[in-house]
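A short worksheet on the structure shown next.
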Amino acid sequence: MVAVSSQDGQGTDEVPDTRSLNQSDPVAGQLDAEVPIFSAEEFEGESKQVIAEHVRDACHQFGFFYVDLDRGQQSAVNNVLHEMGRFFAIPDDDPEKQRIRQGIDQTGWVPKFTEPAYQPGTVSSLEAFDCDRDDIDGHAQRNIWPALPGFREVVAECWSNYVGLADGILDVLGRAAGIAPEFLVNQCDSRELNTMRLLHYAADAPQQGDSNVGIAAHTDFECITLIYQDAPGLELTDPSGKWFDAPIAGGRIVVLLGDMLERWTNGYFKATGHRVRETEEQRFSIVVFIAANDGLQVAPLPRFVSESSPALYDPITQAQHIDNELRRSRENAGEAGTSNIETASI
């Protein structure tokens with residue numbers, strides 16, 4: 001890990017990994033045959049202690065792991081995939097899509113080529129639909145839901161399944177890190193900064209030159225990320241920084257480690273670098289970001305700090321970290337000549 005010290009030498013406010021990722025690094029191969037696969041049921045009850053050591057080993061060796069969904073979770077995912085097909089088939093100039101175009105509130109529809117540039121010189125071809133806890137609960141100030149019967153209800157059910165599974169995963173990660181199992185669960189239980197993204201990578205996305213990517217290399221700003229994809233395209237880094245293809249079989253999600261988890265553990269667990277390549281087939285992805293509670297000062301825990309292992313990161317809140325990284329991505333977009341980006345999304 002490369003850490004840039006702050007002026008007092010005690011840490012850094014820089015993102016743990018994104019700036020050190022190289023968008024052009026080649027893929028070293030596939031890891032699917034080696035990466036551990038856990039069942040969703042194993043993140044419940046007494047099984048959590050049993051698998052904690054295996055989860056720790058997976059995080060240290062591969063930087064991510066897989067979870068096979070149970071029948072109810074898979075059904076919820078399938079329902080969302082169906083609704084995504086309906087929504088993203090709506091023409092971009094349709095008034096209904098334009099009505100829910102994402103603004104400063106960071107939820108709603110994200111048109112193609114308006115995603116923040118996580119790496120300089122890149123343009124992401126995806127389009128997205130983003131929602132958060134207030135949208136799900138009906139407490140948002142604006143209605144970002146498309147006028148498709150059943151869309152909101154199906155998305156809300158899937159959200160509930162994802163965050164329920166995430167609590168079990170956070171518990172196991174706490175055990176794997178040697179901290180109180182409830183620590184990560186309690187620090188991420190408000191859901192207020194969680195985001196759900198429904199991502200569409202079109203097979204016929206118009207090319208914008210060599211800079212065009214599905215989404216540029218980055219680490220996620222939150223604690224953990226749960227990703228389901230229905231077609232290949234996702235590429236991940238292991239802790240050494242090598243890139244690997246992660247095709248992910250149907251019925252399975254990948255769990256990525258985020259910046260806040262790396263910050264809490266002072267690099268004991270490293271955030272997972274990832275990117276999505278351009279593909280010739282249409283691709284849907286369902287992603288939920290599990291964030292630290294708003295207002296918390298996230299800093300390396302005492303267990304991971306010593307005279308020989310000083311704190312690598314200064315305290316920062318989840319919201320401030322997100323704002324910092326989005327600001328940097330907009331600056332990257334300006335450098336790439338794509339300063340028309342109008343949206344923000346995590």
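How things are named: the first chain in the structure tokens is A, the next is B, and so on; residues count from 1 in each chain; ligands count from 1 in the order shown.
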Region 19-22 of chain A: which residues within 12 Å, counting only C-alpha atoms, same-chain residues fewer than 3 positions away excluded, as a PyMOL selection string?
chain A and resi 1-4+14-16+25-27+117-122+216-219+236-243+271-275+325+328-329+332
Once you have the residues from the selection above, write them out as a PDB file, in the first residue's frame, restricted to C-alpha atoms.
ATOM      1  CA  MET A   1       0.000   0.000   0.000  1.00  0.00           C
ATOM      2  CA  VAL A   2       1.192   3.482  -0.804  1.00  0.00           C
ATOM      3  CA  ALA A   3       0.300   6.064   1.838  1.00  0.00           C
ATOM      4  CA  VAL A   4       1.032   9.753   1.419  1.00  0.00           C
ATOM      5  CA  GLU A  14      -6.092  10.552   0.595  1.00  0.00           C
ATOM      6  CA  VAL A  15      -8.205   7.686  -0.735  1.00  0.00           C
ATOM      7  CA  PRO A  16      -6.491   4.380   0.121  1.00  0.00           C
ATOM      8  CA  ASP A  25      -2.793  -2.486 -16.502  1.00  0.00           C
ATOM      9  CA  PRO A  26      -3.567  -5.818 -18.216  1.00  0.00           C
ATOM     10  CA  VAL A  27      -5.650  -8.625 -16.750  1.00  0.00           C
ATOM     11  CA  ALA A 117     -14.197   9.993 -14.263  1.00  0.00           C
ATOM     12  CA  TYR A 118     -12.509   7.971 -11.535  1.00  0.00           C
ATOM     13  CA  GLN A 119      -9.325   7.914 -13.627  1.00  0.00           C
ATOM     14  CA  PRO A 120      -8.003  10.837 -15.704  1.00  0.00           C
ATOM     15  CA  GLY A 121      -8.616  10.532 -19.428  1.00  0.00           C
ATOM     16  CA  THR A 122     -11.530   8.107 -19.179  1.00  0.00           C
ATOM     17  CA  ALA A 216     -12.953   3.424 -14.764  1.00  0.00           C
ATOM     18  CA  ALA A 217     -10.703   1.812 -12.153  1.00  0.00           C
ATOM     19  CA  HIS A 218     -11.514   2.835  -8.595  1.00  0.00           C
ATOM     20  CA  THR A 219     -12.121   1.631  -5.072  1.00  0.00           C
ATOM     21  CA  LEU A 236     -10.850  -6.805  -9.758  1.00  0.00           C
ATOM     22  CA  THR A 237      -7.444  -6.351  -8.131  1.00  0.00           C
ATOM     23  CA  ASP A 238      -5.935  -8.666  -5.570  1.00  0.00           C
ATOM     24  CA  PRO A 239      -4.046  -7.091  -2.612  1.00  0.00           C
ATOM     25  CA  SER A 240      -0.818  -7.036  -4.649  1.00  0.00           C
ATOM     26  CA  GLY A 241      -2.500  -4.874  -7.297  1.00  0.00           C
ATOM     27  CA  LYS A 242      -2.793  -7.470 -10.084  1.00  0.00           C
ATOM     28  CA  TRP A 243      -5.976  -7.366 -12.153  1.00  0.00           C
ATOM     29  CA  ALA A 271     -10.014  -1.829  -0.495  1.00  0.00           C
ATOM     30  CA  THR A 272     -10.688  -3.794  -3.682  1.00  0.00           C
ATOM     31  CA  GLY A 273      -9.756  -2.020  -6.888  1.00  0.00           C
ATOM     32  CA  HIS A 274     -12.202  -2.692  -9.702  1.00  0.00           C
ATOM     33  CA  ARG A 275     -13.255  -1.569 -13.168  1.00  0.00           C
ATOM     34  CA  GLU A 325     -13.590  11.651  -4.221  1.00  0.00           C
ATOM     35  CA  ARG A 328     -11.496  14.644  -7.696  1.00  0.00           C
ATOM     36  CA  SER A 329     -13.437  12.699 -10.313  1.00  0.00           C
ATOM     37  CA  ASN A 332     -10.448  14.288 -13.863  1.00  0.00           C
TER      38      ASN A 332
END
Counting only C-alpha atoms, give me one row per residue of region 247-336 of chain A with an atom at most 8 Å from an atom of region 94-116 of chain A, showing the shortest contact pair and its distance in Å to one decimal, sorted by chain then residue number, as a tab-separated table.
residue	atom	partner	partner_atom	distance
A:Leu326	CA	A:Pro116	CA	7.0
A:Ser329	CA	A:Pro116	CA	5.3
A:Arg330	CA	A:Pro116	CA	5.9
A:Ala333	CA	A:Pro116	CA	6.7
Hey, can you spit out that residue selection with C-alpha atoms as a PDB file, in the first residue's frame?
ATOM      1  CA  LEU A 326     -16.427  13.022  -6.345  1.00  0.00           C
ATOM      2  CA  SER A 329     -13.437  12.699 -10.313  1.00  0.00           C
ATOM      3  CA  ARG A 330     -14.988  15.881 -11.670  1.00  0.00           C
ATOM      4  CA  ALA A 333     -13.418  14.724 -16.187  1.00  0.00           C
TER       5      ALA A 333
END
Hey, which of A:Val80, A:Leu261, A:Phe62, A:Phe284 ends up closest to Ala177 (chain A)? Count only C-alpha atoms.
A:Leu261
Among region 54-277 of chain A, which ones does DSSP place in alpha helix (DSSP H), written as a VMD selection string?
chain A and resid 54 to 61 71 to 88 95 to 99 133 to 137 151 to 177 181 to 187 259 to 264
Any chance you could export the current selection's C-alpha atoms as a compact mmCIF listing (two decimals), in the first residue's frame?
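File produced: part-v5.txt:
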# COMPACT_ATOMS: atom_id res chain seq x y z
CA HIS A 54 -11.83 -18.42 5.76
CA VAL A 55 -13.22 -14.97 5.01
CA ARG A 56 -10.09 -13.38 6.47
CA ASP A 57 -7.87 -15.57 4.31
CA ALA A 58 -9.92 -14.71 1.22
CA CYS A 59 -9.60 -10.98 1.90
CA HIS A 60 -5.84 -11.22 2.37
CA GLN A 61 -5.17 -13.53 -0.58
CA ARG A 71 -33.71 -18.82 -3.38
CA GLY A 72 -35.54 -15.77 -2.02
CA GLN A 73 -32.60 -13.44 -2.64
CA GLN A 74 -32.17 -14.74 -6.19
CA SER A 75 -35.88 -14.28 -6.87
CA ALA A 76 -35.63 -10.65 -5.72
CA VAL A 77 -32.62 -10.11 -8.00
CA ASN A 78 -34.41 -11.66 -10.98
CA ASN A 79 -37.38 -9.35 -10.44
CA VAL A 80 -35.10 -6.31 -10.45
CA LEU A 81 -33.34 -7.48 -13.62
CA HIS A 82 -36.74 -7.65 -15.30
CA GLU A 83 -37.60 -4.12 -14.20
CA MET A 84 -34.19 -2.86 -15.31
CA GLY A 85 -34.89 -4.22 -18.77
CA ARG A 86 -38.13 -2.26 -18.88
CA PHE A 87 -36.64 0.97 -17.55
CA PHE A 88 -33.47 1.12 -19.61
CA PRO A 95 -39.95 12.94 -20.83
CA GLU A 96 -40.36 10.25 -18.18
CA LYS A 97 -36.65 9.54 -18.15
CA GLN A 98 -35.75 13.21 -18.30
CA ARG A 99 -38.07 13.89 -15.35
CA ARG A 133 -32.69 4.91 1.95
CA ASP A 134 -34.95 7.97 1.78
CA ASP A 135 -36.09 7.03 -1.72
CA ILE A 136 -36.84 3.48 -0.60
CA ASP A 137 -38.70 4.65 2.53
CA PHE A 151 -40.76 -0.94 -10.15
CA ARG A 152 -40.34 0.72 -6.78
CA GLU A 153 -41.71 -2.24 -4.82
CA VAL A 154 -39.39 -4.71 -6.55
CA VAL A 155 -36.33 -2.51 -5.99
CA ALA A 156 -37.24 -2.02 -2.32
CA GLU A 157 -37.51 -5.78 -1.77
CA CYS A 158 -34.10 -6.36 -3.31
CA TRP A 159 -32.61 -3.53 -1.22
CA SER A 160 -33.94 -5.18 1.93
CA ASN A 161 -32.40 -8.52 0.93
CA TYR A 162 -29.02 -6.94 0.21
CA VAL A 163 -28.74 -4.95 3.44
CA GLY A 164 -29.88 -7.92 5.51
CA LEU A 165 -27.16 -10.07 3.97
CA ALA A 166 -24.67 -7.22 4.41
CA ASP A 167 -25.22 -7.19 8.18
CA GLY A 168 -24.16 -10.83 8.36
CA ILE A 169 -21.12 -10.13 6.21
CA LEU A 170 -20.09 -7.16 8.36
CA ASP A 171 -20.39 -9.33 11.47
CA VAL A 172 -18.09 -11.96 9.94
CA LEU A 173 -15.61 -9.33 8.74
CA GLY A 174 -15.45 -7.97 12.30
CA ARG A 175 -14.65 -11.44 13.59
CA ALA A 176 -12.12 -11.93 10.80
CA ALA A 177 -10.38 -8.69 11.77
CA PRO A 181 -18.45 -8.74 15.76
CA GLU A 182 -21.05 -6.03 16.32
CA PHE A 183 -18.68 -3.12 15.68
CA LEU A 184 -18.99 -2.87 11.90
CA VAL A 185 -22.69 -3.74 12.01
CA ASN A 186 -23.39 -0.94 14.49
CA GLN A 187 -21.24 1.60 12.64
CA ASP A 259 -12.22 2.54 1.70
CA MET A 260 -13.84 2.84 5.13
CA LEU A 261 -13.02 -0.78 6.01
CA GLU A 262 -9.43 -0.20 4.95
CA ARG A 263 -9.30 2.98 7.02
CA TRP A 264 -10.77 1.31 10.14
Long-range neighbours of region 190-194 of chain A as an mmCIF file with N, CA and C atoms, in the first residue's frame, 7 Å cut-off, only C-alpha atoms, 3 positions minimum in chain:
data_model
loop_
_atom_site.group_PDB
_atom_site.id
_atom_site.type_symbol
_atom_site.label_atom_id
_atom_site.label_comp_id
_atom_site.auth_asym_id
_atom_site.auth_seq_id
_atom_site.Cartn_x
_atom_site.Cartn_y
_atom_site.Cartn_z
ATOM 1 N N ASP A 132 -31.538 5.753 -2.706
ATOM 2 C CA ASP A 132 -30.983 5.624 -1.365
ATOM 3 C C ASP A 132 -32.085 5.286 -0.367
ATOM 4 N N ARG A 133 -31.739 5.299 0.909
ATOM 5 C CA ARG A 133 -32.693 4.906 1.952
ATOM 6 C C ARG A 133 -33.950 5.768 1.919
ATOM 7 N N PHE A 289 -24.034 -0.287 -1.927
ATOM 8 C CA PHE A 289 -22.897 0.194 -1.160
ATOM 9 C C PHE A 289 -23.316 0.336 0.302
ATOM 10 N N ILE A 290 -22.604 -0.338 1.181
ATOM 11 C CA ILE A 290 -22.904 -0.291 2.616
ATOM 12 C C ILE A 290 -21.945 0.715 3.246
ATOM 13 N N ALA A 291 -22.495 1.844 3.693
ATOM 14 C CA ALA A 291 -21.684 2.979 4.133
ATOM 15 C C ALA A 291 -21.615 3.074 5.649
ATOM 16 N N ASN A 293 -22.067 5.113 9.085
ATOM 17 C CA ASN A 293 -23.115 6.040 9.493
ATOM 18 C C ASN A 293 -22.651 7.484 9.372
ATOM 19 N N ASP A 294 -23.578 8.341 9.023
ATOM 20 C CA ASP A 294 -23.268 9.751 8.820
ATOM 21 C C ASP A 294 -22.779 10.382 10.126
#
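Distances from A:Gly45, A:Gly29, A:Gly63, A:Pro300 to Gly258 (chain A) were compared using only C-alpha atoms, and the smallest one belongs to A:Gly63.
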I'd like to know which residues of region 39-174 of chain A are strand (DSSP E or B) (by DSSP, run on the backbone); could you write them as a PDB file with N, CA and C atoms, in the first residue's frame?
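Okay, this is what ended up in result.pdb:
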ATOM      1  N   SER A  39     -22.074 -19.622   1.166  1.00  0.00           N
ATOM      2  CA  SER A  39     -23.521 -19.536   0.973  1.00  0.00           C
ATOM      3  C   SER A  39     -24.061 -18.408   1.831  1.00  0.00           C
ATOM      4  N   PHE A  64     -11.320 -10.136  -2.179  1.00  0.00           N
ATOM      5  CA  PHE A  64     -12.778 -10.195  -2.335  1.00  0.00           C
ATOM      6  C   PHE A  64     -13.208 -11.643  -2.159  1.00  0.00           C
ATOM      7  N   PHE A  65     -14.512 -11.890  -2.109  1.00  0.00           N
ATOM      8  CA  PHE A  65     -15.023 -13.257  -2.045  1.00  0.00           C
ATOM      9  C   PHE A  65     -16.433 -13.287  -2.613  1.00  0.00           C
ATOM     10  N   TYR A  66     -16.926 -14.510  -2.846  1.00  0.00           N
ATOM     11  CA  TYR A  66     -18.238 -14.701  -3.458  1.00  0.00           C
ATOM     12  C   TYR A  66     -19.254 -15.225  -2.438  1.00  0.00           C
ATOM     13  N   VAL A  67     -20.518 -14.891  -2.687  1.00  0.00           N
ATOM     14  CA  VAL A  67     -21.613 -15.413  -1.869  1.00  0.00           C
ATOM     15  C   VAL A  67     -22.709 -15.921  -2.793  1.00  0.00           C
ATOM     16  N   ASP A  68     -23.091 -17.186  -2.618  1.00  0.00           N
ATOM     17  CA  ASP A  68     -24.223 -17.747  -3.351  1.00  0.00           C
ATOM     18  C   ASP A  68     -25.515 -17.313  -2.663  1.00  0.00           C
ATOM     19  N   ARG A 101     -34.019  12.583 -14.188  1.00  0.00           N
ATOM     20  CA  ARG A 101     -32.572  12.713 -14.415  1.00  0.00           C
ATOM     21  C   ARG A 101     -31.899  13.188 -13.134  1.00  0.00           C
ATOM     22  N   GLY A 108     -31.624   9.045  -8.874  1.00  0.00           N
ATOM     23  CA  GLY A 108     -32.355   9.160 -10.118  1.00  0.00           C
ATOM     24  C   GLY A 108     -31.570   8.558 -11.267  1.00  0.00           C
ATOM     25  N   TRP A 109     -31.935   8.950 -12.481  1.00  0.00           N
ATOM     26  CA  TRP A 109     -31.341   8.387 -13.696  1.00  0.00           C
ATOM     27  C   TRP A 109     -30.047   9.102 -14.063  1.00  0.00           C
ATOM     28  N   VAL A 110     -29.002   8.315 -14.350  1.00  0.00           N
ATOM     29  CA  VAL A 110     -27.708   8.831 -14.796  1.00  0.00           C
ATOM     30  C   VAL A 110     -27.547   8.482 -16.274  1.00  0.00           C
ATOM     31  N   VAL A 123     -13.782   7.995 -20.043  1.00  0.00           N
ATOM     32  CA  VAL A 123     -15.198   8.319 -20.147  1.00  0.00           C
ATOM     33  C   VAL A 123     -15.973   7.016 -19.982  1.00  0.00           C
ATOM     34  N   SER A 124     -16.881   6.967 -19.009  1.00  0.00           N
ATOM     35  CA  SER A 124     -17.635   5.743 -18.716  1.00  0.00           C
ATOM     36  C   SER A 124     -18.916   5.707 -19.537  1.00  0.00           C
ATOM     37  N   GLU A 127     -25.061   3.701 -18.080  1.00  0.00           N
ATOM     38  CA  GLU A 127     -26.131   4.529 -17.539  1.00  0.00           C
ATOM     39  C   GLU A 127     -26.615   3.841 -16.271  1.00  0.00           C
ATOM     40  N   ALA A 128     -27.296   4.581 -15.423  1.00  0.00           N
ATOM     41  CA  ALA A 128     -27.631   4.027 -14.118  1.00  0.00           C
ATOM     42  C   ALA A 128     -28.939   4.592 -13.593  1.00  0.00           C
ATOM     43  N   PHE A 129     -29.495   3.874 -12.639  1.00  0.00           N
ATOM     44  CA  PHE A 129     -30.578   4.385 -11.807  1.00  0.00           C
ATOM     45  C   PHE A 129     -30.119   4.219 -10.367  1.00  0.00           C
ATOM     46  N   ASP A 130     -30.049   5.329  -9.622  1.00  0.00           N
ATOM     47  CA  ASP A 130     -29.550   5.323  -8.250  1.00  0.00           C
ATOM     48  C   ASP A 130     -30.666   5.678  -7.276  1.00  0.00           C
ATOM     49  N   CYS A 131     -30.696   4.987  -6.147  1.00  0.00           N
ATOM     50  CA  CYS A 131     -31.640   5.333  -5.089  1.00  0.00           C
ATOM     51  C   CYS A 131     -30.971   5.128  -3.738  1.00  0.00           C
ATOM     52  N   ASP A 132     -31.538   5.753  -2.706  1.00  0.00           N
ATOM     53  CA  ASP A 132     -30.983   5.624  -1.365  1.00  0.00           C
ATOM     54  C   ASP A 132     -32.085   5.286  -0.367  1.00  0.00           C
TER      55      ASP A 132
END
Could you work out how far CA of Ala40 (chain A) lies from CA of Arg303 (chain A), giving the answer in Å with one decimal?
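Between these atoms lies a distance of 28.8 Å.
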What does the distance from CA of Ile322 (chain A) to CA of Ser24 (chain A) come to in Å, to one decimal?
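Separating CA of Ile322 (chain A) from CA of Ser24 (chain A) is a distance of 24.5 Å.
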Rounded to one decimal place, report the CA of Asp189 (chain A)-CA of Ala292 (chain A) distance in Å.
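Value for the CA of Asp189 (chain A)-CA of Ala292 (chain A) distance: 7.9 Å.
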